[in-house]
$ cat input18.tsv   # TSV, C-alpha atoms
chain	number	residue	atom	x	y	z
O	1	MET	CA	24.64	-28.25	-32.38
O	2	PHE	CA	23.92	-26.88	-35.87
O	3	GLY	CA	24.21	-30.45	-37.19
O	4	MET	CA	21.63	-31.64	-34.62
O	5	LEU	CA	19.23	-28.90	-35.69
O	6	LYS	CA	19.51	-30.00	-39.32
O	7	HIS	CA	18.21	-33.44	-38.38
O	8	HIS	CA	15.25	-32.06	-36.38
O	9	LEU	CA	14.14	-29.04	-38.39
O	10	HIS	CA	12.51	-28.85	-41.79
O	11	PRO	CA	14.98	-27.41	-44.37
O	12	GLY	CA	12.59	-24.52	-45.06
O	13	VAL	CA	12.42	-23.55	-41.37
O	14	LEU	CA	16.21	-23.73	-41.08
O	15	LEU	CA	16.60	-21.50	-44.12
O	16	PHE	CA	14.19	-18.97	-42.59
O	17	PHE	CA	16.28	-18.73	-39.38
O	18	VAL	CA	19.50	-18.24	-41.39
O	19	TRP	CA	17.79	-15.44	-43.38
O	20	LEU	CA	16.44	-13.82	-40.16
O	21	CYS	CA	19.91	-13.77	-38.55
O	22	HIS	CA	21.38	-12.27	-41.71
O	23	LEU	CA	18.63	-9.61	-41.73
O	24	MET	CA	19.21	-8.69	-38.08
O	25	GLU	CA	22.93	-8.22	-38.72
O	26	HIS	CA	22.44	-5.96	-41.74
O	27	GLN	CA	19.19	-4.14	-41.00
O	28	LYS	CA	20.18	-0.77	-39.54
O	29	VAL	CA	18.18	1.37	-37.12
O	30	GLN	CA	17.64	4.73	-38.75
O	31	ALA	CA	17.85	8.15	-37.04
O	32	GLY	CA	18.55	6.93	-33.48
O	33	ASN	CA	16.96	5.31	-30.45
O	34	CYS	CA	14.74	6.87	-27.80
O	35	TRP	CA	15.09	5.61	-24.21
O	36	LEU	CA	13.02	6.31	-21.09
O	37	GLN	CA	15.88	6.76	-18.63
O	38	GLN	CA	19.61	7.05	-18.14
O	39	GLY	CA	21.09	4.62	-15.63
O	40	LYS	CA	23.71	5.33	-12.98
O	41	ASN	CA	26.29	3.77	-15.30
O	42	GLY	CA	25.58	6.57	-17.80
O	43	ARG	CA	23.99	4.23	-20.35
O	44	CYS	CA	20.49	4.56	-21.79
O	45	GLN	CA	17.98	2.08	-20.38
O	46	VAL	CA	14.38	0.96	-21.13
O	47	LEU	CA	14.00	1.39	-24.89
O	48	TYR	CA	10.98	3.51	-25.80
O	49	MET	CA	11.20	3.64	-29.60
O	50	PRO	CA	13.88	2.80	-32.21
O	51	GLY	CA	14.32	4.81	-35.41
O	52	MET	CA	13.60	8.20	-33.81
O	53	SER	CA	15.35	11.53	-34.23
O	54	ARG	CA	16.49	13.39	-31.11
O	55	GLU	CA	13.93	16.13	-31.75
O	56	GLU	CA	11.07	13.59	-31.83
O	57	CYS	CA	12.42	11.72	-28.79
O	58	CYS	CA	12.80	14.81	-26.62
O	59	ARG	CA	9.54	16.48	-27.65
O	60	SER	CA	7.60	15.09	-24.66
O	61	GLY	CA	9.73	17.08	-22.19
O	62	ARG	CA	9.71	14.11	-19.83
O	63	LEU	CA	12.61	14.14	-17.37
O	64	GLY	CA	14.80	11.08	-17.83
O	65	THR	CA	14.15	10.60	-21.55
O	66	SER	CA	17.46	10.01	-23.36
O	67	TRP	CA	18.68	9.35	-26.89
O	68	THR	CA	21.44	7.43	-28.66
O	69	GLU	CA	22.46	8.34	-32.20
O	70	GLU	CA	24.30	5.13	-33.10
O	71	ASP	CA	23.11	3.50	-36.30
O	72	VAL	CA	23.38	-0.12	-35.13
O	73	PRO	CA	22.03	-3.53	-36.18
O	74	ASN	CA	18.85	-4.66	-34.46
O	75	SER	CA	20.80	-7.54	-32.91
O	76	THR	CA	23.12	-5.04	-31.16
O	77	LEU	CA	20.13	-3.02	-30.02
O	78	PHE	CA	18.60	-6.20	-28.59
O	79	ARG	CA	21.80	-6.94	-26.63
O	80	TRP	CA	21.78	-3.40	-25.21
O	81	MET	CA	18.18	-3.85	-24.04
O	82	ILE	CA	18.92	-7.18	-22.35
O	83	PHE	CA	22.24	-6.32	-20.72
O	84	ASN	CA	23.75	-2.98	-19.62
O	85	GLY	CA	21.98	-0.45	-21.87
O	86	GLY	CA	22.97	1.77	-24.78
O	87	PRO	CA	26.33	3.61	-24.76
O	88	ASN	CA	26.94	7.30	-25.58
O	89	CYS	CA	23.64	8.20	-23.92
O	90	ILE	CA	22.51	11.79	-24.49
O	91	PRO	CA	19.88	12.99	-21.96
O	92	CYS	CA	17.14	15.20	-23.37
O	93	LYS	CA	17.26	17.41	-20.30
O	94	GLU	CA	20.61	18.44	-18.85
O	95	THR	CA	19.30	21.33	-16.77
O	96	CYS	CA	16.04	22.10	-14.93
O	97	ASP	CA	14.96	24.56	-17.61
O	98	ASN	CA	11.39	23.90	-18.79
O	99	VAL	CA	11.13	20.66	-16.81
O	100	ASP	CA	7.58	19.95	-15.61
O	101	CYS	CA	7.68	17.53	-12.67
O	102	GLY	CA	3.93	17.66	-12.03
O	103	PRO	CA	2.00	18.80	-8.93
O	104	GLY	CA	3.81	18.65	-5.59
O	105	LYS	CA	7.25	18.20	-7.16
O	106	ARG	CA	10.03	20.42	-8.46
O	107	CYS	CA	13.19	19.93	-10.49
O	108	LYS	CA	16.51	19.98	-8.64
O	109	MET	CA	20.08	19.32	-9.78
O	110	ASN	CA	21.56	16.36	-7.87
O	111	ARG	CA	25.16	15.80	-6.73
O	112	ARG	CA	26.10	14.47	-10.17
O	113	SER	CA	24.74	17.67	-11.76
O	114	LYS	CA	21.77	15.81	-13.22
O	115	PRO	CA	18.21	17.19	-13.09
O	116	ARG	CA	15.87	15.20	-10.85
O	117	CYS	CA	12.26	15.64	-9.72
O	118	VAL	CA	11.95	15.80	-5.93
O	119	CYS	CA	8.95	16.12	-3.62
O	120	ALA	CA	8.25	19.74	-2.77
O	121	PRO	CA	4.55	20.26	-1.96
O	122	ASP	CA	3.15	23.78	-1.84
O	123	CYS	CA	2.52	24.38	1.87
O	124	SER	CA	1.97	28.15	1.63
O	125	ASN	CA	-1.83	27.92	1.98
O	126	ILE	CA	-1.83	25.60	5.03
O	127	THR	CA	-3.32	27.47	8.00
O	128	TRP	CA	-3.08	24.74	10.67
O	129	LYS	CA	0.57	24.49	11.72
O	130	GLY	CA	0.23	21.76	14.35
O	131	PRO	CA	0.35	17.94	14.05
O	132	VAL	CA	-2.23	16.05	11.99
O	133	CYS	CA	-3.54	12.48	12.00
O	134	GLY	CA	-3.31	10.76	8.61
O	135	THR	CA	-5.73	8.25	7.11
O	136	ASP	CA	-3.01	5.63	7.71
O	137	GLY	CA	-3.43	6.12	11.47
O	138	LYS	CA	-0.03	7.81	11.86
O	139	THR	CA	0.70	11.23	13.36
O	140	TYR	CA	2.63	13.72	11.23
O	141	LYS	CA	4.33	16.81	12.68
O	142	ASP	CA	2.31	18.99	10.28
O	143	GLU	CA	0.26	18.79	7.07
O	144	CYS	CA	3.33	19.62	4.97
O	145	ALA	CA	5.12	16.51	6.29
O	146	LEU	CA	2.06	14.44	5.41
O	147	LEU	CA	2.02	15.86	1.86
O	148	LYS	CA	5.67	14.91	1.44
O	149	ALA	CA	4.90	11.34	2.57
O	150	LYS	CA	1.99	11.27	0.11
O	151	CYS	CA	4.29	12.35	-2.71
O	152	LYS	CA	6.91	9.70	-1.84
O	153	GLY	CA	4.68	6.72	-2.49
O	154	HIS	CA	1.40	7.00	-0.58
O	155	PRO	CA	-0.99	8.60	-3.12
O	156	ASP	CA	-4.11	7.73	-1.05
O	157	LEU	CA	-2.81	9.40	2.12
O	158	ASP	CA	-4.86	12.36	3.38
O	159	VAL	CA	-5.42	14.33	6.58
O	160	GLN	CA	-8.00	12.63	8.76
O	161	TYR	CA	-8.24	15.22	11.50
O	162	GLN	CA	-6.15	17.92	13.14
O	163	GLY	CA	-4.01	17.00	16.13
O	164	LYS	CA	-2.22	13.77	17.06
O	165	CYS	CA	-3.90	10.43	16.34
O	166	LYS	CA	-5.99	9.53	19.40
O	167	LYS	CA	-7.28	6.45	21.19
O	168	THR	CA	-10.62	8.10	21.93
O	169	CYS	CA	-13.08	10.31	20.05
O	170	ARG	CA	-12.84	12.93	22.80
O	171	ASP	CA	-11.51	16.20	21.32
O	172	VAL	CA	-11.52	14.76	17.77
O	173	LEU	CA	-13.16	17.19	15.35
O	174	CYS	CA	-13.93	15.38	12.08
O	175	PRO	CA	-14.24	17.47	8.90
O	176	GLY	CA	-17.50	17.86	6.99
O	177	SER	CA	-20.19	15.27	7.66
O	178	SER	CA	-17.80	12.52	8.80
O	179	THR	CA	-18.13	10.94	12.24
O	180	CYS	CA	-15.49	9.80	14.71
O	181	VAL	CA	-15.39	6.05	15.40
O	182	VAL	CA	-13.05	4.07	17.67
O	183	ASP	CA	-12.05	0.81	16.00
O	184	GLN	CA	-11.21	-2.57	17.58
O	185	THR	CA	-7.60	-1.50	18.16
O	186	ASN	CA	-8.83	1.58	20.09
O	187	ASN	CA	-7.74	4.05	17.40
O	188	ALA	CA	-10.00	6.99	16.50
O	189	TYR	CA	-10.92	7.40	12.82
O	190	CYS	CA	-13.14	9.82	10.92
O	191	VAL	CA	-15.57	7.95	8.67
O	192	THR	CA	-18.63	8.82	6.61
O	193	CYS	CA	-21.69	6.94	7.81
O	194	ASN	CA	-23.60	5.12	5.09
O	195	ARG	CA	-27.18	5.36	6.34
O	196	ILE	CA	-28.72	3.33	3.51
O	197	CYS	CA	-27.97	-0.38	3.06
O	198	PRO	CA	-29.22	-2.57	0.18
O	199	GLU	CA	-31.99	-5.04	0.92
O	200	VAL	CA	-30.68	-8.40	2.11
O	201	THR	CA	-31.79	-11.32	-0.04
O	202	SER	CA	-29.78	-14.17	1.51
O	203	PRO	CA	-29.46	-15.38	5.13
O	204	GLU	CA	-25.80	-16.13	4.32
O	205	GLN	CA	-25.13	-12.39	4.72
O	206	HIS	CA	-26.15	-12.42	8.40
O	207	LEU	CA	-23.47	-11.62	10.95
O	208	CYS	CA	-23.39	-12.04	14.70
O	209	GLY	CA	-21.91	-8.92	16.30
O	210	ASN	CA	-19.66	-8.89	19.35
O	211	ASP	CA	-22.60	-7.23	21.14
O	212	GLY	CA	-24.70	-10.39	20.65
O	213	ILE	CA	-26.98	-8.71	18.07
O	214	VAL	CA	-27.70	-10.20	14.63
O	215	TYR	CA	-26.98	-7.85	11.71
O	216	ALA	CA	-28.56	-8.42	8.31
O	217	SER	CA	-25.28	-7.73	6.46
O	218	ALA	CA	-21.81	-6.22	6.81
O	219	CYS	CA	-23.28	-2.91	5.66
O	220	HIS	CA	-25.82	-2.92	8.50
O	221	LEU	CA	-23.04	-3.67	11.00
O	222	ARG	CA	-20.88	-0.81	9.66
O	223	ARG	CA	-23.85	1.55	9.86
O	224	ALA	CA	-24.54	0.58	13.49
O	225	THR	CA	-20.83	1.00	14.31
O	226	CYS	CA	-20.77	4.44	12.74
O	227	LEU	CA	-23.85	5.63	14.58
O	228	LEU	CA	-22.61	4.19	17.88
O	229	GLY	CA	-19.19	5.81	17.56
O	230	ARG	CA	-17.17	2.74	18.52
O	231	SER	CA	-16.33	-0.60	17.01
O	232	ILE	CA	-18.78	-3.47	17.39
O	233	GLY	CA	-16.93	-6.11	15.41
O	234	VAL	CA	-17.96	-9.51	14.06
O	235	ALA	CA	-18.15	-12.42	16.49
O	236	TYR	CA	-18.83	-14.95	13.73
O	237	GLU	CA	-20.72	-15.40	10.47
O	238	GLY	CA	-24.43	-16.26	10.59
O	239	LYS	CA	-27.05	-15.60	13.25
O	240	CYS	CA	-26.09	-15.45	16.93
O	241	ILE	CA	-26.68	-18.73	18.75
O	242	LYS	CA	-27.00	-19.58	22.46
O	243	ALA	CA	-23.62	-21.29	22.75
O	244	LYS	CA	-22.51	-23.03	25.95
O	245	SER	CA	-18.86	-23.05	24.89
O	246	CYS	CA	-16.62	-22.56	21.84
O	247	GLU	CA	-17.42	-26.12	20.77
O	248	ASP	CA	-20.85	-24.88	19.63
O	249	ILE	CA	-19.37	-22.15	17.38
O	250	GLN	CA	-17.94	-22.82	13.93
O	251	CYS	CA	-15.32	-20.27	12.85
O	252	SER	CA	-14.26	-19.60	9.28
O	253	ALA	CA	-10.85	-20.80	8.03
O	254	GLY	CA	-7.86	-19.24	9.80
O	255	LYS	CA	-9.81	-18.14	12.88
O	256	LYS	CA	-10.14	-19.58	16.37
O	257	CYS	CA	-12.99	-19.26	18.87
O	258	LEU	CA	-12.14	-17.37	22.06
O	259	TRP	CA	-14.56	-17.57	24.96
O	260	ASP	CA	-15.73	-14.38	26.69
O	261	ALA	CA	-16.39	-15.63	30.24
O	262	ARG	CA	-17.81	-12.29	31.38
O	263	MET	CA	-20.52	-12.22	28.69
O	264	SER	CA	-20.78	-16.02	28.20
O	265	ARG	CA	-20.27	-15.58	24.46
O	266	GLY	CA	-17.78	-16.87	21.92
O	267	ARG	CA	-15.88	-14.77	19.39
O	268	CYS	CA	-13.92	-15.90	16.31
O	269	SER	CA	-10.51	-14.23	16.20
O	270	LEU	CA	-7.53	-14.25	13.87
O	271	CYS	CA	-4.50	-15.64	15.69
O	272	GLU	CA	-1.10	-14.21	14.73
O	273	GLU	CA	1.80	-16.65	14.83
O	274	THR	CA	4.53	-14.08	15.47
O	275	CYS	CA	4.65	-10.53	16.81
O	276	PRO	CA	7.11	-7.81	15.80
O	277	GLU	CA	9.64	-6.75	18.41
O	278	SER	CA	7.80	-4.45	20.79
O	279	ARG	CA	8.92	-1.13	22.27
O	280	THR	CA	8.67	-0.32	25.98
O	281	ASP	CA	5.85	2.16	25.33
O	282	GLU	CA	3.68	-0.53	23.68
O	283	ALA	CA	2.93	-2.46	26.89
O	284	VAL	CA	-0.76	-2.99	27.71
O	285	CYS	CA	-2.73	-4.05	30.76
O	286	ALA	CA	-5.23	-6.75	29.76
O	287	SER	CA	-8.62	-7.73	31.18
O	288	ASP	CA	-6.95	-10.59	33.13
O	289	ASN	CA	-4.89	-7.93	35.00
O	290	THR	CA	-1.69	-9.13	33.34
O	291	THR	CA	0.80	-6.79	31.65
O	292	TYR	CA	1.77	-7.82	28.12
O	293	PRO	CA	4.63	-6.27	26.08
O	294	SER	CA	2.20	-5.35	23.28
O	295	GLU	CA	-1.39	-5.78	22.14
O	296	CYS	CA	-0.17	-8.42	19.69
O	297	ALA	CA	1.41	-10.39	22.56
O	298	MET	CA	-1.87	-10.16	24.47
O	299	LYS	CA	-3.77	-11.59	21.50
O	300	GLN	CA	-1.22	-14.41	21.20
O	301	ALA	CA	-1.80	-15.28	24.86
O	302	ALA	CA	-5.59	-15.21	24.31
O	303	CYS	CA	-5.26	-17.64	21.41
O	304	SER	CA	-3.12	-19.98	23.51
O	305	LEU	CA	-5.66	-19.89	26.35
O	306	GLY	CA	-8.74	-19.97	24.13
O	307	ALA	CA	-10.09	-17.11	26.23
O	308	LEU	CA	-10.92	-13.57	25.17
O	309	LEU	CA	-8.57	-10.87	26.46
O	310	GLU	CA	-9.13	-7.15	25.94
O	311	VAL	CA	-7.04	-4.06	26.66
O	312	LYS	CA	-7.99	-2.35	29.93
O	313	HIS	CA	-5.52	0.47	29.42
O	314	ALA	CA	-2.13	1.26	27.91
O	315	GLY	CA	0.97	0.65	30.02
O	316	SER	CA	1.65	-1.66	32.94
O	317	CYS	CA	-1.17	-2.89	35.19
O	318	ASN	CA	0.86	-1.49	38.12
O	319	CYS	CA	0.56	2.06	36.73
O	320	LYS	CA	-3.19	2.49	37.38
$ encode --input "input18.tsv" --output "structure tokens"
Amino acid sequence: MFGMLKHHLHPGVLLFFVWLCHLMEHQKVQAGNCWLQQGKNGRCQVLYMPGMSREECCRSGRLGTSWTEEDVPNSTLFRWMIFNGGPNCIPCKETCDNVDCGPGKRCKMNRRSKPRCVCAPDCSNITWKGPVCGTDGKTYKDECALLKAKCKGHPDLDVQYQGKCKKTCRDVLCPGSSTCVVDQTNNAYCVTCNRICPEVTSPEQHLCGNDGIVYASACHLRRATCLLGRSIGVAYEGKCIKAKSCEDIQCSAGKKCLWDARMSRGRCSLCEETCPESRTDEAVCASDNTTYPSECAMKQAACSLGALLEVKHAGSCNCK
């Protein structure tokens, strides 16, 4: 292979590579190497900075920072980075002393006697002890449980309102100036109504609402929804037309027109190809008086029929 390279490379370039390899073998890393974490195999991983003393490396106080003292060639250091990490790894922190994990977390020694930051939100000032509805539409047993979920990877999660998440705005008390709105999936949310919308300069922004009213823009539709307290939804883009069937309505890519026989109007809907496995408590009674295993299954049936189906109530049609 080396002989092949000699025929294809300029002698000067070849000489440079030989010199570089020689330099990598003999150039030593001074002081030691600073790493960002220690792996489960005990080796240092994710190189932060070569040529660092332990004092400099550990000065940040960051949990996980580790150090290796080996004075090794850069080529060896490169192999460590690519493969299984640096041996003889010395963690900067071996106890929880002076470890700052940040807000909502605390340091705890794990089963391998290593310090780790775990979620431990301060719940001492929480006055409401009952369930709360999160901004993700899920019910948490209390605010402390929600704060733990927020810490574990949902930084935008907050309390929406006190009590279980509801399907109606009845008994929902929204905080501050926010207003309760029921969305198209019949879930109650607390939102802040934007009462001022920018002036519309293009007719391309017009939307036809599911109520048969033309809205100047998406902002105007959201404002009307907020003030009404329940979802209006978009039937299709552009001004509302007097359609005789779905053939008169042009839907955007990925959507299909479903005909609302009761209102003699068409609506563009997103059709899902598959539905997740449904639980027994997810059954719904639809507007065609048929029980479907879930709302998703109902929407699938609507797309197959080309006819609009809406939820009459949760559960079997035989229950009410």
$ residues_around --input "input18.tsv" --residues "O:Pro115" --least-positions-apart "4" --cutoff "6 Å" --atoms "all atoms listed in the file" --output "list in words"
Thr95, Cys96, Lys108 and Met109 of chain O
$ residues_near_point --input "input18.tsv" --point "(1.4, -5.7, 30.6)" --cutoff "6 Å" --atoms "all atoms listed in the file" --output "ChimeraX atom specification"
/O:283-285,290-293,316-317
$ closest_residue --input "input18.tsv" --among "O:Arg43, O:Arg265, O:Lys299, O:Lys138" --to "O:Ala243" --atoms "all atoms listed in the file"
O:Arg265
$ closest_residue --input "input18.tsv" --among "O:Asp183, O:Tyr215, O:Cys271, O:Arg222" --to "O:Arg195" --atoms "only C-alpha atoms"
O:Arg222
$ residues_around --input "input18.tsv" --residues "stretch 63-65 of chain O" --least-positions-apart "5" --cutoff "10 Å" --atoms "only C-alpha atoms" --output "PyMOL selection string"
chain O and resi 34-39+44-48+57-58+90-96+98-101+107+114-117
$ write_last_selection --input "input18.tsv" --atoms "C-alpha atoms" --output "PDB file, in the frame of the given file"
ATOM      1  CA  CYS O  34      14.740   6.870 -27.800  1.00  0.00           C
ATOM      2  CA  TRP O  35      15.090   5.610 -24.210  1.00  0.00           C
ATOM      3  CA  LEU O  36      13.020   6.310 -21.090  1.00  0.00           C
ATOM      4  CA  GLN O  37      15.880   6.760 -18.630  1.00  0.00           C
ATOM      5  CA  GLN O  38      19.610   7.050 -18.140  1.00  0.00           C
ATOM      6  CA  GLY O  39      21.090   4.620 -15.630  1.00  0.00           C
ATOM      7  CA  CYS O  44      20.490   4.560 -21.790  1.00  0.00           C
ATOM      8  CA  GLN O  45      17.980   2.080 -20.380  1.00  0.00           C
ATOM      9  CA  VAL O  46      14.380   0.960 -21.130  1.00  0.00           C
ATOM     10  CA  LEU O  47      14.000   1.390 -24.890  1.00  0.00           C
ATOM     11  CA  TYR O  48      10.980   3.510 -25.800  1.00  0.00           C
ATOM     12  CA  CYS O  57      12.420  11.720 -28.790  1.00  0.00           C
ATOM     13  CA  CYS O  58      12.800  14.810 -26.620  1.00  0.00           C
ATOM     14  CA  ILE O  90      22.510  11.790 -24.490  1.00  0.00           C
ATOM     15  CA  PRO O  91      19.880  12.990 -21.960  1.00  0.00           C
ATOM     16  CA  CYS O  92      17.140  15.200 -23.370  1.00  0.00           C
ATOM     17  CA  LYS O  93      17.260  17.410 -20.300  1.00  0.00           C
ATOM     18  CA  GLU O  94      20.610  18.440 -18.850  1.00  0.00           C
ATOM     19  CA  THR O  95      19.300  21.330 -16.770  1.00  0.00           C
ATOM     20  CA  CYS O  96      16.040  22.100 -14.930  1.00  0.00           C
ATOM     21  CA  ASN O  98      11.390  23.900 -18.790  1.00  0.00           C
ATOM     22  CA  VAL O  99      11.130  20.660 -16.810  1.00  0.00           C
ATOM     23  CA  ASP O 100       7.580  19.950 -15.610  1.00  0.00           C
ATOM     24  CA  CYS O 101       7.680  17.530 -12.670  1.00  0.00           C
ATOM     25  CA  CYS O 107      13.190  19.930 -10.490  1.00  0.00           C
ATOM     26  CA  LYS O 114      21.770  15.810 -13.220  1.00  0.00           C
ATOM     27  CA  PRO O 115      18.210  17.190 -13.090  1.00  0.00           C
ATOM     28  CA  ARG O 116      15.870  15.200 -10.850  1.00  0.00           C
ATOM     29  CA  CYS O 117      12.260  15.640  -9.720  1.00  0.00           C
TER      30      CYS O 117
END
$ atom_distance --input "input18.tsv" --atom1 "atom CA of O:Asp122" --atom2 "atom CA of O:Arg59"
27.6 Å
$ closest_residue --input "input18.tsv" --among "O:Ala120, O:Cys169, O:Ala307, O:Cys246" --to "O:Cys151" --atoms "all atoms listed in the file"
O:Ala120
$ closest_residue --input "input18.tsv" --among "O:Cys268, O:Cys193, O:Gly130, O:Ser124" --to "O:Ser177" --atoms "only C-alpha atoms"
O:Cys193
$ residues_near_point --input "input18.tsv" --point "(-0.4, -18.7, 20.3)" --cutoff "9 Å" --atoms "all atoms listed in the file" --output "list of chain:residue names"
O:Cys271, O:Glu272, O:Glu273, O:Thr274, O:Ala297, O:Lys299, O:Gln300, O:Ala301, O:Ala302, O:Cys303, O:Ser304, O:Leu305
$ closest_residue --input "input18.tsv" --among "O:Ser66, O:Ile213, O:Pro131, O:His220" --to "O:Lys242" --atoms "all atoms listed in the file"
O:Ile213
$ closest_residue --input "input18.tsv" --among "O:Ser264, O:Gln162, O:Ser217, O:Asn210" --to "O:Tyr236" --atoms "all atoms listed in the file"
O:Asn210
$ atom_distance --input "input18.tsv" --atom1 "atom CA of O:Glu69" --atom2 "atom CA of O:Asn84"
17.0 Å
$ residues_around --input "input18.tsv" --residues "O:Asp211" --least-positions-apart "3" --cutoff "9 Å" --atoms "all atoms listed in the file" --output "list in words"
Cys208, Val214, Ile232, Gly233, Val234 and Ala235 of chain O
$ atom_distance --input "input18.tsv" --atom1 "atom CA of O:Gly61" --atom2 "atom CA of O:Gly102"
11.7 Å
